[in-house]
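See structure below.
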Amino acid sequence: MAAPILRCARPGRCWSLDYRPRRSRALFAEPVPGRVRGQSSAAAQEPRPGAHEWAAVVGLEIHAQISSNSKLFSGSQVTFLAPPNSLVSFFDASLPGTLPVLNRRCVEAAVMTGLALNCTVNKKSLFDRKHYFYADLPAGYQITQQRLPIAVNGSLTYSLGVGAQWSPSATKTVRIKQIQLEQDSGKSLHDDTRSQTLIDLNRAGVGLMEVVMEPDMSCGNEAATAVRELQLILRALGTSQANMAEGQLRVDANVSVHHPGEPLGVRTEVKNLNSIRFLAKAIDYEIQRQIEELQNGGKILNETRAFDEKLGCTVSMRDKEGKQDYRFMPEPNLPPLILYDAESLPVAADPQQVVNIDWIRERLPELPSVTRGRLVEQYGILPEHSFVLLNEDGLLEFFQTVMKETRAEPKKVIGWILTIFLGYLKQRNLAVSESPLSPSSLAELLNLLDSKVISLPAAKQVFEELWQNQGKTPGQIIREKKLELLQNQEELEEICQAVLAKHPQQVMAVKNGNQKVVNKLIGIVRRATGGRADPGRIKQILEKQLQ
């Protein structure tokens with residue numbers, strides 16, 4: 001029997017195992033262990049409702065690095081790939097006598113993010129010390145917000161894809177438990193050749209927003225889509241660049257499985273997922289692992305696991321059965337963080353010394369959901385196309401630049417960008433920013449196509465040349481390759497007449513009512529012109545001559 005493959009029995013909710021080689025499906029049909037003698041087979045095989053189905057529960061903890069020039073509590077710069085330990089202040093190194101000074105920019109970023117995620121922003125929030133001992137945490141504790149975070153009780157709505165298509169109607173909402181400010185730790189660099197670990201404190205003290213999502217998701221696709229929507233929101237706000245490749249957005253996933261109607265199962269935590277694709281794979285693998293473990297009579301441990309990208313599986317890191325005591329305590333060197341709104345703002349308050357929630361609310365930019373709706377209304381494109389434009393980094397800006405410089409219809413432009421342009425990028429594993437084709441070149445090519453200077457096949461040939469030969473314009477390539485459409489009506493009529501004279505059988509077939517042969521004649525004429533004749537004009541001339 002082939003190995004069982006995990007599949008979602010009801011999208012987003014229940015899971016089952018599918019034995020593919022057989023035509024009938026077995027939903028975890030285990031052999032009945034030690035059936036009592038005299039018990040009927042029907043009674044022994046009769047399952048309770050939901051016994052053969054599994055429900056997965058997924059919650060997320062997301063750490064987003066705040067876009068700020070300096071760290072959360074010190075004036076040290078924040079720069080990616082700086083030389084090791086070159087951006088470390090006395091406070092970052094936890095030297096005695098140093099005190100934290102809260103970064104106003106980080107506070108405003110957290111408030112803006114909370115408002116965008118429909119959170120209640122607390123006018124009073126507190127800082128705490130979370131104690132644990134590790135080499136990249138020189139103070140022996142992390143300053144965070146355990147008791148009273150800066151924002152609570154929000155929500156994030158996202159749309160799920162169906163296959164390769166996005167379905168805006170299939171929307172889900174995940175609750176946001178809280179958003180809290182906290183410090184990042186340093187970075188441990190393991191040198192296997194010398195059997196030593198080096199510590200880089202450049203990242204120590206960098207401001208983070210921890211976004212805690214309630215366990216409202218049930219598979220890797222839902223979690224990945226929710227994180228991608230959050231990533232788009234953070235970038236639109238400018239509160240985080242959210243570049244996962246640079247560690248600016250890191251995800252921890254809490255996963256458990258249970259039978260519907262029963263208590264939730266023991267959860268495992270998959271740590272430090274730094275890719276949306278790997279996030280989905282790790283969660284789905286962990287769901288399958290837990291189900292198979294329980295099916296085989298095993299037990300799920302409350303543990304921390306990591307995702308091995310090469311093997312495509314999760315591996316155990318450490319046991320969490322004995323819960324670690326972080327000995328949370330109030331941060332004695334930071335007073336309560338007090339925020340104001342328009343009503344509570346003191347009359348004589350210095351705007352540089354206070355954070356006004358309403359002032360930030362009024363300056364919220366357009367969020368991705370609003371942008372998608374505007375694109376559909378402004379350009380008449382399909383909703384799923386608006387999702388692709390936003391989900392591919394830089395693609396929306398590319399599309400809008402092309403639209404400003406072309407006379408072509410938006411639907412034609414979106415077709416070229418999503419099928420041909422994006423296809424070329426995917427085949428070569430390139431980002432939009434790495435494209436050798438500029439928006440201006442594509443706009444010029446579409447203008448020439450729209451003006452019927454060239455045919456569609458010729459336009460695709462020019463596109464290929466533009467991709468291979470940077471520096472040339474579409475007009476130059478068209479002249480060099482002699483790809484212009486024949487504009488001389490008389491010359492085209494003579495070519496059509498000559499083709500009809502050489503193919504009397506096809507002419508007779510058309511006159512006998514077989515109109516499909518006309519398409520064959522159009523192809524012959526196009527080959528005779530080297531592809532430089534417009535098929536529509538050819539058809540008009542042929543129909544006239546065949547009458």
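Following the order of the structure tokens, first chain is A, next is B, and so on, with residues numbered from 1 inside each chain and ligands from 1 in the order they appear.
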Produce a table with one row for each residue of range 107-152 of chain A that has an atom at most 10 Å from any atom of range 337-358 of chain A, each row naming the nearest atom pair and its distance in Å at one decimal; use only C-alpha atoms; arrange rows by chain and rising residue number; format as a Markdown table.
| residue | atom | partner | partner_atom | distance |
| --- | --- | --- | --- | --- |
| A:Val107 | CA | A:Val355 | CA | 8.0 |
| A:Glu108 | CA | A:Val355 | CA | 7.0 |
| A:Val111 | CA | A:Ile357 | CA | 7.0 |
| A:Met112 | CA | A:Ile357 | CA | 8.2 |
| A:Leu115 | CA | A:Ile357 | CA | 8.8 |
| A:Val121 | CA | A:Ile357 | CA | 7.9 |
| A:Asn122 | CA | A:Leu339 | CA | 7.5 |
| A:Lys123 | CA | A:Leu339 | CA | 4.5 |
| A:Lys124 | CA | A:Ile338 | CA | 4.7 |
| A:Ser125 | CA | A:Leu337 | CA | 5.2 |
| A:Leu126 | CA | A:Leu337 | CA | 6.1 |
| A:Phe127 | CA | A:Leu337 | CA | 8.0 |
| A:Pro149 | CA | A:Leu337 | CA | 9.8 |
| A:Ile150 | CA | A:Leu337 | CA | 8.4 |
How would the residues just chosen look if you wrote them out with all heavy atoms as a compact mmCIF listing (two decimals), in the first residue's frame?
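Below you can see again_9.txt, which holds the result:
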# COMPACT_ATOMS: atom_id res chain seq x y z
N VAL A 107 7.62 53.94 18.86
CA VAL A 107 6.29 54.04 19.47
C VAL A 107 5.26 54.41 18.42
O VAL A 107 4.18 53.80 18.33
CB VAL A 107 6.30 55.06 20.62
CG1 VAL A 107 4.88 55.25 21.18
CG2 VAL A 107 7.24 54.63 21.72
N GLU A 108 5.56 55.40 17.60
CA GLU A 108 4.62 55.83 16.56
C GLU A 108 4.36 54.71 15.56
O GLU A 108 3.23 54.53 15.09
CB GLU A 108 5.15 57.06 15.86
CG GLU A 108 5.17 58.31 16.73
CD GLU A 108 5.77 59.51 16.04
OE1 GLU A 108 6.56 59.31 15.07
OE2 GLU A 108 5.46 60.63 16.44
N VAL A 111 1.94 52.26 17.16
CA VAL A 111 0.58 52.81 17.19
C VAL A 111 -0.05 52.76 15.81
O VAL A 111 -1.21 52.35 15.64
CB VAL A 111 0.61 54.26 17.72
CG1 VAL A 111 -0.76 54.92 17.55
CG2 VAL A 111 1.04 54.30 19.18
N MET A 112 0.71 53.14 14.78
CA MET A 112 0.18 53.13 13.42
C MET A 112 -0.18 51.71 12.98
O MET A 112 -1.24 51.48 12.37
CB MET A 112 1.21 53.73 12.46
CG MET A 112 0.76 53.78 11.01
SD MET A 112 1.94 54.62 9.92
CE MET A 112 1.66 56.33 10.38
N LEU A 115 -3.42 50.64 14.73
CA LEU A 115 -4.61 51.25 14.11
C LEU A 115 -4.95 50.57 12.79
O LEU A 115 -6.13 50.33 12.49
CB LEU A 115 -4.36 52.75 13.89
CG LEU A 115 -4.22 53.61 15.16
CD1 LEU A 115 -3.82 55.02 14.79
CD2 LEU A 115 -5.52 53.62 15.97
N VAL A 121 -5.70 50.87 20.90
CA VAL A 121 -4.39 51.34 21.34
C VAL A 121 -4.52 51.79 22.80
O VAL A 121 -5.33 52.67 23.12
CB VAL A 121 -3.89 52.50 20.46
CG1 VAL A 121 -2.55 53.03 20.97
CG2 VAL A 121 -3.75 52.04 19.01
N ASN A 122 -3.75 51.18 23.66
CA ASN A 122 -3.79 51.52 25.08
C ASN A 122 -3.09 52.86 25.33
O ASN A 122 -1.94 53.05 24.92
CB ASN A 122 -3.11 50.42 25.91
CG ASN A 122 -3.91 49.14 25.92
OD1 ASN A 122 -5.15 49.17 25.99
ND2 ASN A 122 -3.24 48.00 25.87
N LYS A 123 -3.78 53.75 26.02
CA LYS A 123 -3.17 55.04 26.34
C LYS A 123 -2.07 54.89 27.39
O LYS A 123 -1.23 55.77 27.52
CB LYS A 123 -4.24 56.01 26.82
CG LYS A 123 -5.24 56.41 25.73
CD LYS A 123 -6.25 57.41 26.27
CE LYS A 123 -7.29 57.75 25.21
NZ LYS A 123 -8.31 58.70 25.73
N LYS A 124 -2.11 53.79 28.11
CA LYS A 124 -1.05 53.51 29.07
C LYS A 124 -0.57 52.09 28.84
O LYS A 124 -1.35 51.14 28.84
CB LYS A 124 -1.57 53.65 30.51
CG LYS A 124 -0.51 53.30 31.56
CD LYS A 124 -1.09 53.40 32.97
CE LYS A 124 -0.06 52.99 34.02
NZ LYS A 124 -0.62 53.06 35.39
N SER A 125 0.72 51.93 28.61
CA SER A 125 1.31 50.60 28.47
C SER A 125 2.58 50.55 29.30
O SER A 125 3.16 51.58 29.65
CB SER A 125 1.60 50.27 27.01
OG SER A 125 2.48 51.22 26.43
N LEU A 126 3.01 49.32 29.62
CA LEU A 126 4.11 49.12 30.55
C LEU A 126 5.21 48.27 29.92
O LEU A 126 4.94 47.44 29.05
CB LEU A 126 3.61 48.43 31.82
CG LEU A 126 2.47 49.12 32.58
CD1 LEU A 126 1.97 48.23 33.70
CD2 LEU A 126 2.93 50.47 33.12
N PHE A 127 6.43 48.47 30.40
CA PHE A 127 7.56 47.67 29.96
C PHE A 127 7.96 46.70 31.07
O PHE A 127 7.88 47.03 32.26
CB PHE A 127 8.74 48.56 29.57
CG PHE A 127 8.52 49.31 28.28
CD1 PHE A 127 8.10 50.63 28.30
CD2 PHE A 127 8.74 48.70 27.07
CE1 PHE A 127 7.88 51.32 27.12
CE2 PHE A 127 8.53 49.38 25.88
CZ PHE A 127 8.10 50.70 25.91
N PRO A 149 0.47 45.57 26.91
CA PRO A 149 1.09 45.95 25.64
C PRO A 149 0.50 47.22 25.06
O PRO A 149 -0.53 47.72 25.52
CB PRO A 149 0.83 44.74 24.74
CG PRO A 149 -0.41 44.13 25.31
CD PRO A 149 -0.37 44.37 26.79
N ILE A 150 1.10 47.71 23.99
CA ILE A 150 0.71 49.00 23.43
C ILE A 150 -0.60 48.91 22.65
O ILE A 150 -1.33 49.90 22.54
CB ILE A 150 1.85 49.55 22.54
CG1 ILE A 150 1.62 51.04 22.25
CG2 ILE A 150 1.99 48.75 21.24
CD1 ILE A 150 2.82 51.74 21.65
Check: Which polymer residues have any atom within 12 Å of an atom of Ser369 in chain A, counting only C-alpha atoms, with same-chain residues fewer than 3 positions away left out, as an MDAnalysis selection string?
Finding: chainID A and resid 116:117 156:159 168 171 229:230 232:233 236 365:366 372:376 383 386:387 390:391
Next item on the list: Please measure the separation of CA of Glu303 in chain A and CA of Pro330 in chain A, giving the value in Å to one decimal.
Entry: 27.9 Å
Next item on the list: Any chance you could list, as a ChimeraX atom specification, the residues in range 303-387 of chain A that come up strand (DSSP E or B) when DSSP is run on the backbone?
Entry: /A:303-308,313-319,329-330,337-338,340,356
For the selection you just gave me, I'd like the residues written to a file as a PDB file, in the first residue's frame, keeping N, CA, C and O atoms.
ATOM      1  N   GLU A 303       6.843  20.889  22.607  1.00  0.00           N
ATOM      2  CA  GLU A 303       8.254  21.145  22.341  1.00  0.00           C
ATOM      3  C   GLU A 303       8.416  22.245  21.298  1.00  0.00           C
ATOM      4  O   GLU A 303       7.462  22.632  20.622  1.00  0.00           O
ATOM      5  N   THR A 304       9.633  22.726  21.201  1.00  0.00           N
ATOM      6  CA  THR A 304      10.005  23.690  20.160  1.00  0.00           C
ATOM      7  C   THR A 304      10.700  22.942  19.039  1.00  0.00           C
ATOM      8  O   THR A 304      11.592  22.120  19.288  1.00  0.00           O
ATOM      9  N   ARG A 305      10.287  23.216  17.797  1.00  0.00           N
ATOM     10  CA  ARG A 305      10.846  22.537  16.641  1.00  0.00           C
ATOM     11  C   ARG A 305      11.348  23.565  15.631  1.00  0.00           C
ATOM     12  O   ARG A 305      10.943  24.728  15.654  1.00  0.00           O
ATOM     13  N   ALA A 306      12.224  23.132  14.764  1.00  0.00           N
ATOM     14  CA  ALA A 306      12.733  23.974  13.678  1.00  0.00           C
ATOM     15  C   ALA A 306      12.404  23.306  12.346  1.00  0.00           C
ATOM     16  O   ALA A 306      12.217  22.083  12.292  1.00  0.00           O
ATOM     17  N   PHE A 307      12.329  24.112  11.289  1.00  0.00           N
ATOM     18  CA  PHE A 307      12.028  23.564   9.963  1.00  0.00           C
ATOM     19  C   PHE A 307      13.321  23.417   9.179  1.00  0.00           C
ATOM     20  O   PHE A 307      14.059  24.387   8.984  1.00  0.00           O
ATOM     21  N   ASP A 308      13.621  22.181   8.755  1.00  0.00           N
ATOM     22  CA  ASP A 308      14.787  21.912   7.919  1.00  0.00           C
ATOM     23  C   ASP A 308      14.391  22.125   6.462  1.00  0.00           C
ATOM     24  O   ASP A 308      13.638  21.333   5.889  1.00  0.00           O
ATOM     25  N   CYS A 313      11.212  19.076   6.460  1.00  0.00           N
ATOM     26  CA  CYS A 313      10.527  18.534   7.635  1.00  0.00           C
ATOM     27  C   CYS A 313      10.907  19.352   8.864  1.00  0.00           C
ATOM     28  O   CYS A 313      11.879  20.125   8.843  1.00  0.00           O
ATOM     29  N   THR A 314      10.141  19.183   9.934  1.00  0.00           N
ATOM     30  CA  THR A 314      10.469  19.842  11.194  1.00  0.00           C
ATOM     31  C   THR A 314      11.290  18.890  12.054  1.00  0.00           C
ATOM     32  O   THR A 314      11.095  17.670  12.013  1.00  0.00           O
ATOM     33  N   VAL A 315      12.213  19.457  12.844  1.00  0.00           N
ATOM     34  CA  VAL A 315      13.059  18.651  13.720  1.00  0.00           C
ATOM     35  C   VAL A 315      12.998  19.235  15.129  1.00  0.00           C
ATOM     36  O   VAL A 315      12.849  20.444  15.310  1.00  0.00           O
ATOM     37  N   SER A 316      13.107  18.372  16.126  1.00  0.00           N
ATOM     38  CA  SER A 316      12.994  18.809  17.509  1.00  0.00           C
ATOM     39  C   SER A 316      14.213  19.638  17.917  1.00  0.00           C
ATOM     40  O   SER A 316      15.352  19.313  17.574  1.00  0.00           O
ATOM     41  N   MET A 317      13.952  20.735  18.660  1.00  0.00           N
ATOM     42  CA  MET A 317      15.029  21.588  19.174  1.00  0.00           C
ATOM     43  C   MET A 317      15.173  21.435  20.683  1.00  0.00           C
ATOM     44  O   MET A 317      16.231  21.125  21.197  1.00  0.00           O
ATOM     45  N   ARG A 318      14.069  21.660  21.399  1.00  0.00           N
ATOM     46  CA  ARG A 318      14.126  21.544  22.864  1.00  0.00           C
ATOM     47  C   ARG A 318      12.723  21.259  23.397  1.00  0.00           C
ATOM     48  O   ARG A 318      11.721  21.617  22.804  1.00  0.00           O
ATOM     49  N   ASP A 319      12.711  20.649  24.566  1.00  0.00           N
ATOM     50  CA  ASP A 319      11.462  20.260  25.224  1.00  0.00           C
ATOM     51  C   ASP A 319      10.899  21.453  25.989  1.00  0.00           C
ATOM     52  O   ASP A 319      11.632  22.226  26.602  1.00  0.00           O
ATOM     53  N   MET A 329       9.273  40.870  35.409  1.00  0.00           N
ATOM     54  CA  MET A 329       9.192  41.900  36.442  1.00  0.00           C
ATOM     55  C   MET A 329       9.100  43.263  35.756  1.00  0.00           C
ATOM     56  O   MET A 329       9.524  43.418  34.603  1.00  0.00           O
ATOM     57  N   PRO A 330       8.502  44.260  36.406  1.00  0.00           N
ATOM     58  CA  PRO A 330       8.416  45.595  35.793  1.00  0.00           C
ATOM     59  C   PRO A 330       9.819  46.149  35.517  1.00  0.00           C
ATOM     60  O   PRO A 330      10.747  45.951  36.309  1.00  0.00           O
ATOM     61  N   LEU A 337       4.374  54.098  29.584  1.00  0.00           N
ATOM     62  CA  LEU A 337       4.283  54.810  28.309  1.00  0.00           C
ATOM     63  C   LEU A 337       2.871  55.388  28.198  1.00  0.00           C
ATOM     64  O   LEU A 337       1.889  54.640  28.109  1.00  0.00           O
ATOM     65  N   ILE A 338       2.763  56.705  28.197  1.00  0.00           N
ATOM     66  CA  ILE A 338       1.469  57.385  28.161  1.00  0.00           C
ATOM     67  C   ILE A 338       1.244  57.983  26.765  1.00  0.00           C
ATOM     68  O   ILE A 338       2.085  58.744  26.267  1.00  0.00           O
ATOM     69  N   TYR A 340      -1.757  59.868  24.057  1.00  0.00           N
ATOM     70  CA  TYR A 340      -2.889  60.786  24.143  1.00  0.00           C
ATOM     71  C   TYR A 340      -3.736  60.717  22.870  1.00  0.00           C
ATOM     72  O   TYR A 340      -3.271  60.269  21.824  1.00  0.00           O
ATOM     73  N   ASN A 356       0.326  61.501  19.781  1.00  0.00           N
ATOM     74  CA  ASN A 356      -1.110  61.718  19.631  1.00  0.00           C
ATOM     75  C   ASN A 356      -1.690  60.625  18.735  1.00  0.00           C
ATOM     76  O   ASN A 356      -1.374  60.562  17.539  1.00  0.00           O
TER      77      ASN A 356
END
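Atom pair CA of Val88 in chain A / CA of Pro138 in chain A has a distance of 11.6 Å (rounded to one decimal).
Every protein or nucleic acid residue with an atom no more than 7 Å from range 180-189 of chain A, counting only C-alpha atoms and leaving out same-chain residues fewer than 2 positions away, appears here: Leu72, Asp136, Leu137, Gln142, Ile143, Thr144, Gln145, Pro149, Ile150, Ala151, Gln178, Asp191, Thr197, Leu198, Ile199, Asp200, Leu201, Asn202, Arg203, Ala204, Gly205, Val206, Gly207, Leu208, Met209, Glu210 and Val211 of chain A.
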Output N, CA, C and O atoms for every residue in the selection just made, as a compact mmCIF listing (two decimals), in the first residue's frame.
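That gives us again_26.txt:
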# COMPACT_ATOMS: atom_id res chain seq x y z
N LEU A 72 15.79 50.68 19.69
CA LEU A 72 14.62 50.97 20.52
C LEU A 72 14.97 51.81 21.74
O LEU A 72 14.22 52.73 22.10
N ASP A 136 23.93 35.88 23.35
CA ASP A 136 23.63 37.05 22.53
C ASP A 136 22.68 38.03 23.23
O ASP A 136 22.17 38.96 22.61
N LEU A 137 22.41 37.81 24.52
CA LEU A 137 21.59 38.72 25.32
C LEU A 137 22.43 39.18 26.52
O LEU A 137 22.34 38.62 27.60
N GLN A 142 15.40 40.61 28.43
CA GLN A 142 14.90 41.37 27.28
C GLN A 142 13.82 42.32 27.78
O GLN A 142 12.96 41.93 28.57
N ILE A 143 13.86 43.56 27.32
CA ILE A 143 12.80 44.51 27.67
C ILE A 143 11.66 44.31 26.67
O ILE A 143 11.83 44.42 25.46
N THR A 144 10.47 44.00 27.19
CA THR A 144 9.30 43.70 26.37
C THR A 144 8.07 44.30 27.04
O THR A 144 8.19 45.11 27.97
N GLN A 145 6.89 43.90 26.59
CA GLN A 145 5.63 44.37 27.18
C GLN A 145 4.72 43.17 27.44
O GLN A 145 3.89 42.82 26.62
N PRO A 149 0.47 45.57 26.91
CA PRO A 149 1.09 45.95 25.64
C PRO A 149 0.50 47.22 25.06
O PRO A 149 -0.53 47.72 25.52
N ILE A 150 1.10 47.71 23.99
CA ILE A 150 0.71 49.00 23.43
C ILE A 150 -0.60 48.91 22.65
O ILE A 150 -1.33 49.90 22.54
N ALA A 151 -0.96 47.74 22.12
CA ALA A 151 -2.21 47.59 21.36
C ALA A 151 -2.77 46.18 21.55
O ALA A 151 -2.00 45.22 21.65
N GLN A 178 -2.55 40.88 20.47
CA GLN A 178 -1.84 42.06 20.97
C GLN A 178 -0.66 42.39 20.07
O GLN A 178 -0.20 41.56 19.28
N ASP A 191 30.88 28.81 14.20
CA ASP A 191 32.03 28.44 13.37
C ASP A 191 32.35 26.98 13.64
O ASP A 191 33.00 26.62 14.63
N THR A 197 31.56 29.61 18.88
CA THR A 197 30.44 30.47 18.53
C THR A 197 30.84 31.92 18.76
O THR A 197 31.35 32.27 19.83
N LEU A 198 30.62 32.76 17.75
CA LEU A 198 30.95 34.18 17.82
C LEU A 198 29.66 34.97 17.98
O LEU A 198 28.61 34.59 17.47
N ILE A 199 29.75 36.08 18.70
CA ILE A 199 28.57 36.89 18.99
C ILE A 199 28.68 38.25 18.29
O ILE A 199 29.69 38.94 18.43
N ASP A 200 27.64 38.59 17.53
CA ASP A 200 27.54 39.90 16.88
C ASP A 200 26.38 40.65 17.53
O ASP A 200 25.22 40.22 17.44
N LEU A 201 26.67 41.77 18.18
CA LEU A 201 25.64 42.52 18.91
C LEU A 201 25.06 43.68 18.10
O LEU A 201 24.37 44.53 18.66
N ASN A 202 25.33 43.72 16.80
CA ASN A 202 24.75 44.79 15.98
C ASN A 202 23.23 44.80 16.06
O ASN A 202 22.59 45.86 16.04
N ARG A 203 22.63 43.62 16.12
CA ARG A 203 21.17 43.51 16.14
C ARG A 203 20.59 43.68 17.54
O ARG A 203 19.37 43.88 17.68
N ALA A 204 21.43 43.59 18.57
CA ALA A 204 20.95 43.68 19.95
C ALA A 204 20.35 45.06 20.21
O ALA A 204 20.99 46.08 19.99
N GLY A 205 19.10 45.08 20.66
CA GLY A 205 18.42 46.33 20.97
C GLY A 205 17.64 46.93 19.84
O GLY A 205 16.98 47.97 20.02
N VAL A 206 17.67 46.32 18.64
CA VAL A 206 16.85 46.81 17.53
C VAL A 206 15.37 46.68 17.89
O VAL A 206 14.96 45.68 18.49
N GLY A 207 14.58 47.68 17.54
CA GLY A 207 13.16 47.68 17.90
C GLY A 207 12.35 46.68 17.11
O GLY A 207 12.45 46.60 15.89
N LEU A 208 11.54 45.91 17.83
CA LEU A 208 10.64 44.92 17.22
C LEU A 208 9.20 45.20 17.63
O LEU A 208 8.94 45.70 18.72
N MET A 209 8.29 44.87 16.74
CA MET A 209 6.87 44.75 17.08
C MET A 209 6.53 43.27 17.04
O MET A 209 6.71 42.62 16.01
N GLU A 210 6.06 42.73 18.15
CA GLU A 210 5.58 41.36 18.14
C GLU A 210 4.07 41.37 17.97
O GLU A 210 3.34 41.90 18.81
N VAL A 211 3.62 40.80 16.86
CA VAL A 211 2.19 40.70 16.55
C VAL A 211 1.75 39.28 16.87
O VAL A 211 2.22 38.32 16.25
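Every protein, DNA or RNA residue with an atom at most 7 Å from Asp450 in chain A, where only C-alpha atoms count and chain neighbours fewer than 3 positions away do not, is listed here: A:Ala408, A:Leu446, A:Asn447.
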Notebook entry, point to check: Out of A:Ser74, A:Ser89, A:Asn333, A:Asn221, which residue has the shortest atom-to-atom distance to Asp284 in chain A when counting only C-alpha atoms?
Noted result: A:Asn221
Item checked: Given only C-alpha atoms as the counted atoms, nearest of A:Gln489, A:Gly423, A:Met213, A:Ser240 to Asp252 in chain A -> A:Met213
Checklist line | Long-range neighbours of Gln231 in chain A as a VMD selection string, 10 Å cut-off, only C-alpha atoms, 4 positions minimum in chain | finding: chain A and resid 64 225 to 227 235 to 237 240 to 244 249 391
Next item on the list: DSSP on the backbone, then: every residue of range 133-372 of chain A marked alpha helix (DSSP H), written as a count of residues only.
Entry: 49
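For the atom pair formed by CA of Ala245 in chain A and CA of Leu311 in chain A, the distance is 19.5 Å, given to one decimal.
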Next item on the list: Identify which of the residues A:Gly312, A:Thr113, A:Ser451, A:Lys71 lies closest to Leu367 in chain A, counting only C-alpha atoms when measuring atom-to-atom distances.
Entry: A:Thr113
